[in-house]
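Asker: TSV, N, CA and C atoms, file protein-v2.tsv:
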chain	number	residue	atom	x	y	z
U	56	MET	N	225.83	4.19	-6.07
U	56	MET	CA	226.08	3.18	-7.07
U	56	MET	C	225.89	3.75	-8.47
U	57	LYS	N	224.88	4.60	-8.62
U	57	LYS	CA	224.61	5.17	-9.93
U	57	LYS	C	225.78	6.02	-10.42
U	58	ARG	N	226.37	6.81	-9.53
U	58	ARG	CA	227.52	7.64	-9.93
U	58	ARG	C	228.68	6.76	-10.37
U	59	PHE	N	228.92	5.68	-9.63
U	59	PHE	CA	229.99	4.75	-9.99
U	59	PHE	C	229.72	4.18	-11.38
U	60	CYS	N	228.50	3.73	-11.61
U	60	CYS	CA	228.12	3.16	-12.90
U	60	CYS	C	228.37	4.15	-14.04
U	61	ASN	N	228.01	5.41	-13.80
U	61	ASN	CA	228.18	6.43	-14.83
U	61	ASN	C	229.64	6.77	-15.10
U	62	GLU	N	230.52	6.47	-14.18
U	62	GLU	CA	231.94	6.76	-14.38
U	62	GLU	C	232.71	5.64	-15.06
U	63	ILE	N	232.07	4.50	-15.27
U	63	ILE	CA	232.71	3.40	-15.97
U	63	ILE	C	232.87	3.79	-17.44
U	64	LYS	N	234.09	3.70	-17.94
U	64	LYS	CA	234.37	4.16	-19.30
U	64	LYS	C	233.79	3.23	-20.38
U	65	ASP	N	233.73	1.93	-20.09
U	65	ASP	CA	233.15	0.98	-21.02
U	65	ASP	C	231.63	1.14	-21.00
U	66	VAL	N	231.07	1.63	-22.09
U	66	VAL	CA	229.65	1.95	-22.16
U	66	VAL	C	228.78	0.72	-21.92
U	67	GLU	N	229.17	-0.42	-22.46
U	67	GLU	CA	228.37	-1.63	-22.29
U	67	GLU	C	228.31	-2.05	-20.82
U	68	ILE	N	229.46	-2.00	-20.14
U	68	ILE	CA	229.50	-2.35	-18.72
U	68	ILE	C	228.71	-1.32	-17.92
U	69	SER	N	228.91	-0.05	-18.22
U	69	SER	CA	228.19	1.00	-17.53
U	69	SER	C	226.68	0.81	-17.65
U	70	ASN	N	226.20	0.55	-18.85
U	70	ASN	CA	224.77	0.35	-19.07
U	70	ASN	C	224.26	-0.90	-18.35
U	71	GLU	N	225.06	-1.96	-18.36
U	71	GLU	CA	224.68	-3.19	-17.66
U	71	GLU	C	224.54	-2.93	-16.16
U	72	LEU	N	225.50	-2.21	-15.59
U	72	LEU	CA	225.44	-1.91	-14.16
U	72	LEU	C	224.24	-1.03	-13.83
U	73	LEU	N	223.98	-0.04	-14.67
U	73	LEU	CA	222.83	0.82	-14.45
U	73	LEU	C	221.53	0.02	-14.50
U	74	PHE	N	221.47	-0.95	-15.38
U	74	PHE	CA	220.29	-1.81	-15.46
U	74	PHE	C	220.15	-2.65	-14.18
U	75	GLN	N	221.28	-3.15	-13.66
U	75	GLN	CA	221.26	-4.02	-12.49
U	75	GLN	C	220.84	-3.32	-11.21
U	76	ILE	N	220.98	-2.00	-11.14
U	76	ILE	CA	220.66	-1.30	-9.89
U	76	ILE	C	219.21	-0.82	-9.83
U	77	GLN	N	218.38	-1.33	-10.71
U	77	GLN	CA	216.97	-0.95	-10.71
U	77	GLN	C	216.14	-2.01	-10.00
U	78	GLY	N	215.23	-1.56	-9.15
U	78	GLY	CA	214.26	-2.45	-8.54
U	78	GLY	C	214.77	-3.23	-7.35
U	79	SER	N	213.93	-4.16	-6.92
U	79	SER	CA	214.23	-4.99	-5.76
U	79	SER	C	215.42	-5.91	-6.04
U	80	GLY	N	216.30	-6.05	-5.06
U	80	GLY	CA	217.47	-6.90	-5.21
U	80	GLY	C	218.61	-6.23	-5.94
U	81	ALA	N	218.52	-4.90	-6.09
U	81	ALA	CA	219.50	-4.16	-6.88
U	81	ALA	C	220.92	-4.33	-6.37
U	82	PHE	N	221.13	-4.24	-5.06
U	82	PHE	CA	222.50	-4.30	-4.56
U	82	PHE	C	223.11	-5.68	-4.78
U	83	ARG	N	222.32	-6.74	-4.60
U	83	ARG	CA	222.81	-8.10	-4.83
U	83	ARG	C	223.23	-8.26	-6.30
U	84	ARG	N	222.37	-7.81	-7.22
U	84	ARG	CA	222.70	-7.91	-8.64
U	84	ARG	C	223.91	-7.05	-9.00
U	85	PHE	N	223.99	-5.86	-8.41
U	85	PHE	CA	225.12	-4.97	-8.65
U	85	PHE	C	226.42	-5.65	-8.21
U	86	LYS	N	226.42	-6.21	-7.01
U	86	LYS	CA	227.63	-6.87	-6.51
U	86	LYS	C	228.02	-8.06	-7.38
U	87	GLN	N	227.06	-8.83	-7.85
U	87	GLN	CA	227.36	-9.95	-8.74
U	87	GLN	C	227.98	-9.45	-10.05
U	88	ALA	N	227.44	-8.34	-10.57
U	88	ALA	CA	227.94	-7.80	-11.84
U	88	ALA	C	229.35	-7.24	-11.69
U	89	ILE	N	229.62	-6.49	-10.63
U	89	ILE	CA	230.97	-5.93	-10.48
U	89	ILE	C	231.99	-7.03	-10.22
U	90	ASP	N	231.55	-8.11	-9.61
U	90	ASP	CA	232.43	-9.27	-9.43
U	90	ASP	C	232.69	-9.94	-10.79
U	91	ARG	N	231.64	-10.10	-11.57
U	91	ARG	CA	231.75	-10.73	-12.89
U	91	ARG	C	232.68	-9.92	-13.82
U	92	TYR	N	232.60	-8.59	-13.74
U	92	TYR	CA	233.44	-7.74	-14.58
U	92	TYR	C	234.79	-7.42	-13.94
U	93	ASN	N	235.03	-8.01	-12.78
U	93	ASN	CA	236.31	-7.85	-12.07
U	93	ASN	C	236.62	-6.38	-11.76
U	94	ILE	N	235.59	-5.65	-11.34
U	94	ILE	CA	235.79	-4.24	-10.96
U	94	ILE	C	235.35	-4.01	-9.52
U	95	ILE	N	235.29	-5.08	-8.75
U	95	ILE	CA	234.81	-4.98	-7.38
U	95	ILE	C	235.74	-4.12	-6.52
U	96	ASN	N	237.05	-4.23	-6.75
U	96	ASN	CA	238.00	-3.39	-5.99
U	96	ASN	C	237.82	-1.92	-6.34
U	97	GLY	N	237.52	-1.65	-7.59
U	97	GLY	CA	237.25	-0.27	-8.00
U	97	GLY	C	236.02	0.28	-7.30
U	98	TRP	N	234.99	-0.56	-7.14
U	98	TRP	CA	233.79	-0.14	-6.44
U	98	TRP	C	234.10	0.19	-4.99
U	99	TYR	N	234.83	-0.69	-4.30
U	99	TYR	CA	235.10	-0.45	-2.89
U	99	TYR	C	235.98	0.79	-2.68
U	100	SER	N	236.90	1.03	-3.59
U	100	SER	CA	237.73	2.23	-3.52
U	100	SER	C	236.87	3.48	-3.75
U	101	TYR	N	236.01	3.44	-4.76
U	101	TYR	CA	235.11	4.55	-5.07
U	101	TYR	C	234.19	4.83	-3.89
U	102	ARG	N	233.64	3.77	-3.31
U	102	ARG	CA	232.73	3.90	-2.17
U	102	ARG	C	233.42	4.52	-0.98
U	103	GLN	N	234.64	4.07	-0.70
U	103	GLN	CA	235.39	4.60	0.44
U	103	GLN	C	235.66	6.10	0.26
U	104	THR	N	236.07	6.48	-0.93
U	104	THR	CA	236.33	7.89	-1.22
U	104	THR	C	235.06	8.72	-1.08
U	105	ALA	N	233.94	8.21	-1.56
U	105	ALA	CA	232.66	8.92	-1.47
U	105	ALA	C	232.24	9.10	-0.01
U	106	LEU	N	232.40	8.05	0.80
U	106	LEU	CA	232.04	8.15	2.22
U	106	LEU	C	232.93	9.15	2.95
U	107	GLU	N	234.21	9.16	2.62
U	107	GLU	CA	235.12	10.12	3.23
U	107	GLU	C	234.72	11.55	2.88
U	108	LYS	N	234.32	11.77	1.62
U	108	LYS	CA	233.90	13.10	1.20
U	108	LYS	C	232.64	13.53	1.94
U	109	ILE	N	231.71	12.63	2.12
U	109	ILE	CA	230.48	12.94	2.87
U	109	ILE	C	230.84	13.35	4.29
U	110	ALA	N	231.74	12.61	4.92
U	110	ALA	CA	232.14	12.91	6.30
U	110	ALA	C	232.83	14.27	6.38
U	111	ILE	N	233.76	14.53	5.46
U	111	ILE	CA	234.48	15.80	5.46
U	111	ILE	C	233.53	16.97	5.22
U	112	ASP	N	232.62	16.81	4.28
U	112	ASP	CA	231.64	17.88	4.01
U	112	ASP	C	230.81	18.17	5.26
U	113	TRP	N	230.39	17.13	5.97
U	113	TRP	CA	229.60	17.32	7.18
U	113	TRP	C	230.41	18.02	8.26
U	114	LEU	N	231.66	17.59	8.43
U	114	LEU	CA	232.52	18.23	9.43
U	114	LEU	C	232.70	19.72	9.12
U	115	GLU	N	232.97	20.03	7.87
U	115	GLU	CA	233.17	21.42	7.48
U	115	GLU	C	231.89	22.24	7.64
U	116	LEU	N	230.76	21.66	7.27
U	116	LEU	CA	229.48	22.34	7.42
U	116	LEU	C	229.20	22.68	8.88
U	117	ASN	N	229.66	21.85	9.78
U	117	ASN	CA	229.43	22.04	11.21
U	117	ASN	C	230.64	22.63	11.93
U	118	SER	N	231.57	23.18	11.16
U	118	SER	CA	232.77	23.85	11.69
U	118	SER	C	233.52	22.99	12.70
U	119	ILE	N	233.68	21.73	12.36
U	119	ILE	CA	234.42	20.80	13.21
U	119	ILE	C	235.75	20.52	12.54
U	120	SER	N	236.83	20.71	13.29
U	120	SER	CA	238.15	20.45	12.72
U	120	SER	C	238.39	18.95	12.63
U	121	TYR	N	239.24	18.59	11.70
U	121	TYR	CA	239.55	17.18	11.48
U	121	TYR	C	240.97	17.06	10.96
U	122	GLU	N	241.47	15.86	11.00
U	122	GLU	CA	242.80	15.57	10.49
U	122	GLU	C	242.69	14.36	9.58
U	123	ILE	N	243.30	14.47	8.43
U	123	ILE	CA	243.27	13.37	7.46
U	123	ILE	C	244.53	12.53	7.64
U	124	ASN	N	244.33	11.26	7.87
U	124	ASN	CA	245.45	10.32	7.97
U	124	ASN	C	245.71	9.72	6.61
U	125	GLU	N	246.90	9.88	6.11
U	125	GLU	CA	247.26	9.29	4.81
U	125	GLU	C	247.44	7.80	4.97
U	126	ARG	N	247.01	7.08	3.96
U	126	ARG	CA	247.11	5.61	3.99
U	126	ARG	C	248.46	5.16	3.53
Mind turning this structure into structure tokens?
Answerer:
Amino acid sequence: MKRFCNEIKDVEISNELLFQIQGSGAFRRFKQAIDRYNIINGWYSYRQTALEKIAIDWLELNSISYEINER
């Protein structure tokens, strides 16, 4: 979430999101904020790409072949 927040070009929104992800209840507040700023689809796209990269890195680290299916 922090990386996503740091990539937001609007500094005010970026700072607001960074503030929301601190402490207890961070994910709930983060989700409310990205919905309020209408960037929720951007978050889910960013998250999906990050998860895919984690999986690919793990596969390569363990010398496991894989095939990427284009969407």
Asker: Enter the distance from atom C of Ala105 of chain U to atom N of Val66 of chain U, in Å, rounded to one decimal.
Answerer: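 Here the two named atoms are 23.3 Å from each other.
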Asker: State, in Å with one decimal place, the distance from atom C of Phe59 of chain U to atom C of Gly80 of chain U.
Answerer: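 Between atom C of Phe59 of chain U and atom C of Gly80 of chain U the gap is 16.2 Å.
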Asker: Just to confirm, what's the straight-line distance from atom CA of Glu71 of chain U to atom CA of Gly97 of chain U in Å (one decimal)?
Answerer: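 One can read the atom CA of Glu71 of chain U to atom CA of Gly97 of chain U distance as 16.1 Å.
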Asker: What residues in chain U get the DSSP label helix (DSSP H, G or I)? Please answer as a ChimeraX atom specification.
Answerer: /U:57-62,66-75,81-91,95-116
